[in-house]
file run04.txt (compact mmCIF, C-alpha atoms and all ligand atoms)
# COMPACT_ATOMS: atom_id res chain seq x y z
CA MET U 1 -91.23 28.43 -23.83
CA MET U 2 -88.43 25.99 -23.20
CA SER U 3 -90.71 22.95 -23.25
CA ILE U 4 -92.25 24.11 -26.54
CA ASN U 5 -88.75 24.20 -28.01
CA PHE U 6 -88.12 20.73 -26.73
CA THR U 7 -91.33 19.34 -28.21
CA VAL U 8 -90.59 20.83 -31.60
CA HIS U 9 -87.09 19.43 -31.44
CA THR U 10 -88.39 15.93 -30.65
CA VAL U 11 -90.89 15.97 -33.49
CA ASN U 12 -88.25 17.18 -35.91
CA ILE U 13 -85.87 14.46 -34.90
CA ASP U 14 -88.52 11.76 -35.30
CA GLN U 15 -89.46 13.00 -38.74
CA SER U 16 -85.91 13.45 -39.97
CA ILE U 17 -84.86 10.02 -38.77
CA TRP U 18 -87.80 8.56 -40.56
CA MET U 19 -86.95 10.42 -43.73
CA ILE U 20 -83.27 9.59 -43.67
CA SER U 21 -84.00 5.91 -43.01
CA LEU U 22 -86.51 5.92 -45.83
CA LYS U 23 -84.08 7.59 -48.17
CA ASN U 24 -81.43 5.04 -47.37
CA LYS U 25 -84.03 2.30 -47.93
CA ASN U 26 -82.76 0.71 -44.78
CA LYS U 27 -85.89 -1.19 -43.72
CA LYS U 28 -84.21 -2.62 -40.68
CA LEU U 29 -83.20 0.75 -39.29
CA MET U 30 -86.62 2.11 -40.19
CA ASN U 31 -88.34 -0.56 -38.11
CA GLU U 32 -85.83 -0.07 -35.36
CA VAL U 33 -86.55 3.63 -35.16
CA LYS U 34 -90.30 2.98 -35.36
CA SER U 35 -90.31 0.43 -32.58
CA THR U 36 -87.85 2.01 -30.20
CA ASP U 37 -88.76 4.40 -27.42
CA LEU U 38 -85.12 5.33 -27.28
CA LEU U 39 -85.60 8.76 -28.81
CA SER U 40 -88.25 9.98 -26.44
CA LYS U 41 -86.49 8.29 -23.54
CA SER U 42 -83.11 9.87 -24.16
CA LEU U 43 -84.54 13.24 -25.17
CA LYS U 44 -86.87 13.41 -22.21
CA SER U 45 -83.98 12.63 -19.97
CA CYS U 46 -81.99 15.40 -21.64
CA VAL U 47 -84.67 18.05 -21.37
CA LYS U 48 -82.97 19.98 -18.61
CA TYR U 49 -79.65 19.92 -20.45
CA LEU U 50 -81.37 21.09 -23.61
CA MET U 51 -82.82 23.94 -21.58
CA ARG U 52 -79.43 24.74 -20.16
CA ILE U 53 -77.71 24.76 -23.56
CA THR U 54 -80.17 27.18 -25.13
CA GLN U 55 -78.15 29.80 -23.26
CA ILE U 56 -74.76 28.67 -24.58
CA THR U 57 -75.60 27.36 -28.04
CA GLU U 58 -74.21 30.31 -29.91
CA ALA U 59 -70.89 30.18 -28.17
CA SER U 60 -70.59 26.44 -28.32
CA PRO U 61 -71.14 24.51 -31.55
CA LEU U 62 -70.67 21.26 -29.63
CA THR U 63 -73.94 20.96 -27.76
CA VAL U 64 -76.04 18.24 -26.19
CA GLU U 65 -78.58 18.90 -28.88
CA GLY U 66 -75.84 18.48 -31.49
CA SER U 67 -75.05 15.01 -30.21
CA PHE U 68 -78.64 13.86 -30.87
CA THR U 69 -78.99 14.88 -34.50
CA PRO U 70 -80.78 12.21 -36.56
CA ASP U 71 -77.61 11.14 -38.40
CA LEU U 72 -75.75 10.59 -35.13
CA LEU U 73 -78.60 8.62 -33.58
CA ILE U 74 -78.84 6.44 -36.67
CA SER U 75 -75.07 5.90 -36.52
CA LYS U 76 -75.32 4.71 -32.92
CA LEU U 77 -78.24 2.36 -33.65
CA TRP U 78 -76.28 1.00 -36.62
CA LEU U 79 -73.30 0.44 -34.30
CA TRP U 80 -75.44 -1.43 -31.76
CA GLU U 81 -77.03 -3.58 -34.46
CA GLU U 82 -73.80 -4.63 -36.20
CA LEU U 83 -71.85 -5.07 -32.96
CA SER U 84 -74.58 -7.36 -31.58
CA ARG U 85 -74.43 -9.40 -34.78
CA VAL U 86 -70.62 -9.71 -34.58
CA LEU U 87 -70.76 -10.80 -30.91
CA ASP U 88 -73.35 -13.45 -31.82
CA ARG U 89 -71.01 -14.76 -34.50
CA LEU U 90 -68.15 -14.88 -31.99
CA ASP U 91 -70.49 -16.62 -29.53
CA ILE U 92 -69.97 -13.89 -26.93
CA GLN U 93 -73.04 -13.57 -24.70
CA GLN U 94 -71.67 -11.18 -22.11
CA VAL U 95 -68.97 -8.52 -22.38
CA ASN U 96 -66.87 -7.38 -19.41
CA ALA U 97 -66.04 -3.78 -20.23
CA VAL U 98 -67.02 -1.47 -23.06
CA TYR U 99 -64.69 1.53 -23.38
CA VAL U 100 -66.24 4.45 -25.26
CA LEU U 101 -63.50 6.89 -26.29
CA GLY U 102 -64.36 10.55 -26.88
CA SER U 103 -67.75 9.77 -25.33
CA TRP U 104 -69.06 13.38 -25.55
CA THR U 105 -72.59 13.36 -24.00
CA GLY U 106 -72.48 9.58 -23.54
CA SER U 107 -74.87 8.88 -26.42
CA VAL U 108 -73.21 5.56 -27.38
CA GLY U 109 -73.61 4.33 -23.79
CA MET U 110 -77.21 5.56 -23.77
CA VAL U 111 -78.09 3.56 -26.87
CA LEU U 112 -76.34 0.44 -25.54
CA ALA U 113 -78.08 0.76 -22.16
CA ALA U 114 -81.49 1.43 -23.74
CA LYS U 115 -81.02 -1.65 -25.94
CA HIS U 116 -79.98 -3.81 -22.94
CA PHE U 117 -76.53 -4.48 -24.39
CA PRO U 118 -74.97 -7.28 -22.33
CA ALA U 119 -72.01 -5.48 -20.73
CA ASP U 120 -70.96 -5.50 -17.07
CA THR U 121 -69.72 -1.94 -17.35
CA ILE U 122 -69.62 0.89 -19.87
CA ILE U 123 -66.67 3.24 -19.41
CA ASN U 124 -67.11 6.72 -20.91
CA VAL U 125 -63.76 8.40 -21.57
CA ASP U 126 -63.48 12.06 -22.53
CA SER U 127 -60.74 14.63 -22.03
CA ASP U 128 -63.29 17.38 -21.39
CA PRO U 129 -64.55 17.40 -17.76
CA ASN U 130 -67.73 19.27 -18.74
CA TRP U 131 -68.86 16.53 -21.09
CA ILE U 132 -68.00 13.86 -18.55
CA SER U 133 -70.05 15.51 -15.83
CA MET U 134 -72.95 15.95 -18.23
CA SER U 135 -72.86 12.30 -19.36
CA GLN U 136 -72.65 11.30 -15.70
CA GLU U 137 -75.83 13.24 -14.92
CA ILE U 138 -77.64 11.87 -17.96
CA ALA U 139 -76.72 8.28 -17.00
CA GLN U 140 -78.05 8.98 -13.53
CA ASP U 141 -81.33 10.39 -14.90
CA MET U 142 -81.79 7.46 -17.25
CA GLY U 143 -81.17 4.97 -14.48
CA PHE U 144 -78.06 3.19 -15.72
CA SER U 145 -75.36 4.90 -13.66
CA ASP U 146 -74.73 1.67 -11.72
CA ARG U 147 -73.37 0.11 -14.93
CA THR U 148 -71.51 3.17 -16.20
CA GLN U 149 -68.13 4.64 -15.28
CA HIS U 150 -66.78 8.01 -16.30
CA MET U 151 -63.16 8.98 -16.86
CA ILE U 152 -61.74 12.42 -17.55
CA LYS U 153 -58.72 11.33 -19.53
CA ASP U 154 -56.87 11.72 -22.80
CA ALA U 155 -57.83 8.55 -24.68
CA ASN U 156 -54.16 8.19 -25.67
CA SER U 157 -53.20 7.55 -22.06
CA ILE U 158 -55.79 4.84 -21.32
CA ASP U 159 -54.18 1.61 -20.10
CA TYR U 160 -57.31 -0.54 -20.69
CA ARG U 161 -56.76 -2.26 -17.34
CA GLN U 162 -60.47 -3.25 -17.14
CA ALA U 163 -60.46 -4.79 -20.63
CA ARG U 164 -60.54 -8.42 -19.50
CA SER U 165 -61.54 -10.60 -22.45
CA PRO U 166 -64.17 -10.38 -23.84
CA SER U 167 -64.19 -6.58 -23.91
CA VAL U 168 -64.99 -3.96 -26.51
CA VAL U 169 -63.40 -0.60 -27.38
CA ILE U 170 -65.61 1.85 -29.28
CA ASN U 171 -64.39 5.06 -30.89
CA THR U 172 -66.93 7.08 -32.89
CA SER U 173 -64.76 10.17 -32.42
CA THR U 174 -61.89 9.12 -34.71
CA ASN U 175 -62.24 12.41 -36.61
CA ASP U 176 -61.64 14.34 -33.39
CA ILE U 177 -59.09 12.41 -31.31
CA VAL U 178 -55.57 13.33 -32.41
CA GLY U 179 -52.79 10.73 -31.99
CA ARG U 180 -53.05 6.96 -32.20
CA ASP U 181 -51.80 5.58 -28.88
CA TRP U 182 -55.45 4.94 -27.96
CA PHE U 183 -55.50 2.42 -30.83
CA ASP U 184 -51.98 0.98 -30.53
CA ASN U 185 -52.49 0.29 -26.79
CA ILE U 186 -55.69 -1.77 -27.21
CA PRO U 187 -54.96 -5.31 -25.89
CA PRO U 188 -54.77 -8.01 -28.60
CA GLY U 189 -58.03 -9.90 -29.11
CA THR U 190 -60.25 -6.99 -27.98
CA VAL U 191 -63.25 -6.33 -30.20
CA VAL U 192 -62.86 -2.84 -31.67
CA VAL U 193 -65.61 -0.71 -33.23
CA LEU U 194 -64.57 2.42 -35.13
CA GLN U 195 -66.64 5.03 -36.89
CA GLY U 196 -65.35 7.96 -38.94
CA ARG U 197 -66.56 10.14 -41.80
CA ASP U 198 -65.73 12.27 -44.81
CA ALA U 199 -66.79 15.86 -45.57
CA THR U 200 -65.84 17.40 -42.25
CA ILE U 201 -63.64 20.25 -41.13
CA THR U 202 -62.15 18.29 -38.23
CA THR U 203 -58.39 17.74 -38.27
CA GLN U 204 -58.81 14.17 -39.52
CA SER U 205 -61.06 12.97 -42.30
CA TRP U 206 -61.16 10.02 -44.69
CA ASP U 207 -62.33 10.09 -48.32
CA SER U 208 -63.31 6.42 -48.51
CA LEU U 209 -64.07 3.39 -46.38
CA SER U 210 -60.89 1.63 -47.59
CA GLU U 211 -58.79 4.67 -46.64
CA PHE U 212 -60.40 4.61 -43.18
CA GLU U 213 -59.90 0.86 -42.83
CA SER U 214 -56.23 0.97 -43.83
CA ASP U 215 -55.46 3.46 -41.04
CA TRP U 216 -56.69 1.04 -38.35
CA PRO U 217 -55.16 -2.40 -39.02
CA MET U 218 -56.94 -5.27 -37.23
CA ARG U 219 -55.97 -8.91 -36.87
CA GLN U 220 -59.39 -9.81 -38.21
CA ILE U 221 -62.07 -7.62 -39.80
CA LEU U 222 -65.58 -8.74 -38.80
CA PHE U 223 -67.67 -5.96 -40.33
CA ARG U 224 -67.08 -3.07 -42.72
CA GLY U 225 -69.67 -0.72 -44.14
CA GLN U 226 -70.76 2.82 -44.82
CA LEU U 227 -74.00 4.80 -44.55
CA PRO U 228 -74.90 7.87 -46.61
CA LEU U 229 -76.16 10.44 -44.09
CA GLN U 230 -76.83 14.12 -43.70
CA ASP U 231 -75.86 16.32 -40.78
CA PRO U 232 -77.39 19.78 -40.27
CA GLU U 233 -74.87 21.20 -42.77
CA THR U 234 -73.92 18.64 -45.37
CA LYS U 235 -74.29 15.17 -46.82
CA TYR U 236 -71.57 12.76 -45.84
CA HIS U 237 -70.62 9.09 -45.50
CA ARG U 238 -70.18 7.44 -42.13
CA TYR U 239 -67.80 4.50 -42.16
CA MET U 240 -67.75 1.70 -39.62
CA ILE U 241 -65.33 -1.17 -39.12
CA ILE U 242 -65.56 -3.83 -36.43
CA GLY U 243 -62.62 -6.13 -35.89
CA GLN U 244 -60.36 -7.90 -33.44
CA ARG U 245 -57.16 -6.11 -32.53
C1 LIG D 301 -67.47 16.28 -30.87
S1 LIG D 301 -67.43 14.67 -30.28
C2 LIG D 301 -67.64 13.83 -31.78
C3 LIG D 301 -68.47 12.63 -31.62
C4 LIG D 301 -68.74 11.79 -32.84
N1 LIG D 301 -68.99 12.52 -34.02
C5 LIG D 301 -69.91 10.88 -32.48
O1 LIG D 301 -70.97 11.03 -33.00
O2 LIG D 301 -69.76 10.06 -31.58
C6 LIG D 301 -65.71 14.38 -29.94
C7 LIG D 301 -65.43 14.16 -28.47
O3 LIG D 301 -64.08 13.68 -28.37
C8 LIG D 301 -63.49 14.28 -27.22
N2 LIG D 301 -62.04 14.20 -27.40
C9 LIG D 301 -61.25 14.86 -28.29
N3 LIG D 301 -59.96 14.51 -28.14
C10 LIG D 301 -59.93 13.60 -27.11
C11 LIG D 301 -58.89 12.85 -26.50
N4 LIG D 301 -57.61 12.97 -26.87
N5 LIG D 301 -59.22 12.00 -25.50
C12 LIG D 301 -60.51 11.86 -25.09
N6 LIG D 301 -61.53 12.55 -25.65
C13 LIG D 301 -61.26 13.40 -26.64
C14 LIG D 301 -64.06 15.68 -27.20
O4 LIG D 301 -63.97 16.28 -25.93
C15 LIG D 301 -65.52 15.43 -27.62
O5 LIG D 301 -66.34 15.22 -26.52
call {"tool": "encode", "arguments": {"input": "run04.txt", "output": "structure tokens", "more": "lines below"}}
Ligand SMILES: C[S@@+](CC[C@H](N)C(=O)[O-])C[C@H]1O[C@@H](n2cnc3c(N)ncnc32)[C@H](O)[C@@H]1O
result
Amino acid sequence: MMSINFTVHTVNIDQSIWMISLKNKNKKLMNEVKSTDLLSKSLKSCVKYLMRITQITEASPLTVEGSFTPDLLISKLWLWEELSRVLDRLDIQQVNAVYVLGSWTGSVGMVLAAKHFPADTIINVDSDPNWISMSQEIAQDMGFSDRTQHMIKDANSIDYRQARSPSVVINTSTNDIVGRDWFDNIPPGTVVVLQGRDATITTQSWDSLSEFESDWPMRQILFRGQLPLQDPETKYHRYMIIGQR
């Protein structure tokens, strides 16, 4: 019964990603999704967690399954693609540390690892110990735990001591992380990737890309863009800026 659920889920995700990519006429992402085995790889690895969460889904809207919706996977692939392009332009071939703030199930790290992103270490930071232990197990299952660290910490108290240049700080949870010390404390020169969105009931939300961008001042903006997407409930825009702090 459980594996049938999982199969259906996988097929649905494949189809919806395809449809969303098609709708956005984003040929590059379409080809990316077509050619990558990332979906099956990450979902297969998550099968036991998906089984586990079928028992807690109703009580918990934040589920493993919820972190692999098509819009979120597309957002992570988009992040990887644009970040790789920016690093090429900066002539950075290898990154020391990648901090992922509000890492949830570790899906950003999963995409980066599956795409062989050139980082010595990926550091998942989340204030919720349950998510950290889950992302730890997933990294183990997928075989990249040797290059991943996990921290149970409020992102606002991170001291970025491993962020030797060149390093990257990623926050795709800007809608959820309250406070801005996590941003103000980022060492100057660090490459910073931020994603946020509109149309959400979280405590923070931005109505436009420029509004989002003006909240996070960078020394140099290297990429700015938005994607029209759809989550299980509503259409929305996902913003992304990449810059140097
Ligand atoms: C629900 S997820 C949202 C993820 C985002 N939409 C994405 O696709 O990447 C937000 C995560 O941020 C974490 N979080 C919230 N506040 C935090 C804080 N102050 N420090 C670290 N993690 C935090 C939550 O525990 C949760 O795992």
call {"tool": "residues_near_ligand", "arguments": {"input": "run04.txt", "ligand": "ligand LIG 301 (chain D)", "cutoff": "9 Å", "atoms": "all atoms listed in the file", "output": "PyMOL selection string"}}
result
chain U and resi 62-63+66-68+71-73+75-76+101-108+125-132+152-158+171-179+182+195-197
call {"tool": "closest_residue", "arguments": {"input": "run04.txt", "among": "U:Phe144, U:Tyr99, U:Trp206, U:Tyr239", "to": "Asp159 (chain U)", "atoms": "all atoms listed in the file"}}
result
U:Tyr99
call {"tool": "residues_near_point", "arguments": {"input": "run04.txt", "point": "(-61.9, -7.5, -23.1)", "cutoff": "10 Å", "atoms": "all atoms listed in the file", "output": "mmCIF file with C-alpha atoms, in the coordinates of the input"}}
result
data_model
loop_
_atom_site.group_PDB
_atom_site.id
_atom_site.type_symbol
_atom_site.label_atom_id
_atom_site.label_comp_id
_atom_site.auth_asym_id
_atom_site.auth_seq_id
_atom_site.Cartn_x
_atom_site.Cartn_y
_atom_site.Cartn_z
ATOM 1 C CA VAL U 95 -68.970 -8.520 -22.380
ATOM 2 C CA ASN U 96 -66.870 -7.380 -19.410
ATOM 3 C CA ALA U 97 -66.040 -3.780 -20.230
ATOM 4 C CA VAL U 98 -67.020 -1.470 -23.060
ATOM 5 C CA TYR U 99 -64.690 1.530 -23.380
ATOM 6 C CA TYR U 160 -57.310 -0.540 -20.690
ATOM 7 C CA ARG U 161 -56.760 -2.260 -17.340
ATOM 8 C CA GLN U 162 -60.470 -3.250 -17.140
ATOM 9 C CA ALA U 163 -60.460 -4.790 -20.630
ATOM 10 C CA ARG U 164 -60.540 -8.420 -19.500
ATOM 11 C CA SER U 165 -61.540 -10.600 -22.450
ATOM 12 C CA PRO U 166 -64.170 -10.380 -23.840
ATOM 13 C CA SER U 167 -64.190 -6.580 -23.910
ATOM 14 C CA VAL U 168 -64.990 -3.960 -26.510
ATOM 15 C CA VAL U 169 -63.400 -0.600 -27.380
ATOM 16 C CA ILE U 186 -55.690 -1.770 -27.210
ATOM 17 C CA PRO U 187 -54.960 -5.310 -25.890
ATOM 18 C CA PRO U 188 -54.770 -8.010 -28.600
ATOM 19 C CA GLY U 189 -58.030 -9.900 -29.110
ATOM 20 C CA THR U 190 -60.250 -6.990 -27.980
ATOM 21 C CA VAL U 191 -63.250 -6.330 -30.200
ATOM 22 C CA VAL U 192 -62.860 -2.840 -31.670
#
call {"tool": "atom_distance", "arguments": {"input": "run04.txt", "atom1": "CA of Ala199 (chain U)", "atom2": "CA of Glu233 (chain U)"}}
result
10.1 Å
call {"tool": "atom_distance", "arguments": {"input": "run04.txt", "atom1": "CA of Thr202 (chain U)", "atom2": "CA of Ala139 (chain U)"}}
result
27.6 Å
call {"tool": "atom_distance", "arguments": {"input": "run04.txt", "atom1": "CA of Gly109 (chain U)", "atom2": "CA of Asp207 (chain U)"}}
result
27.6 Å
call {"tool": "closest_residue", "arguments": {"input": "run04.txt", "among": "U:Ile123, U:Leu112, U:Met142, U:Ile242", "to": "Leu77 (chain U)", "atoms": "only C-alpha atoms"}}
result
U:Leu112
call {"tool": "closest_residue", "arguments": {"input": "run04.txt", "among": "U:Pro232, U:Ala113, U:Val100, U:Ile221", "to": "Gln140 (chain U)", "atoms": "only C-alpha atoms"}}
result
U:Ala113
call {"tool": "closest_residue", "arguments": {"input": "run04.txt", "among": "U:Phe223, U:Thr234, U:Met151, U:Thr121", "to": "Val86 (chain U)", "atoms": "only C-alpha atoms"}}
result
U:Phe223
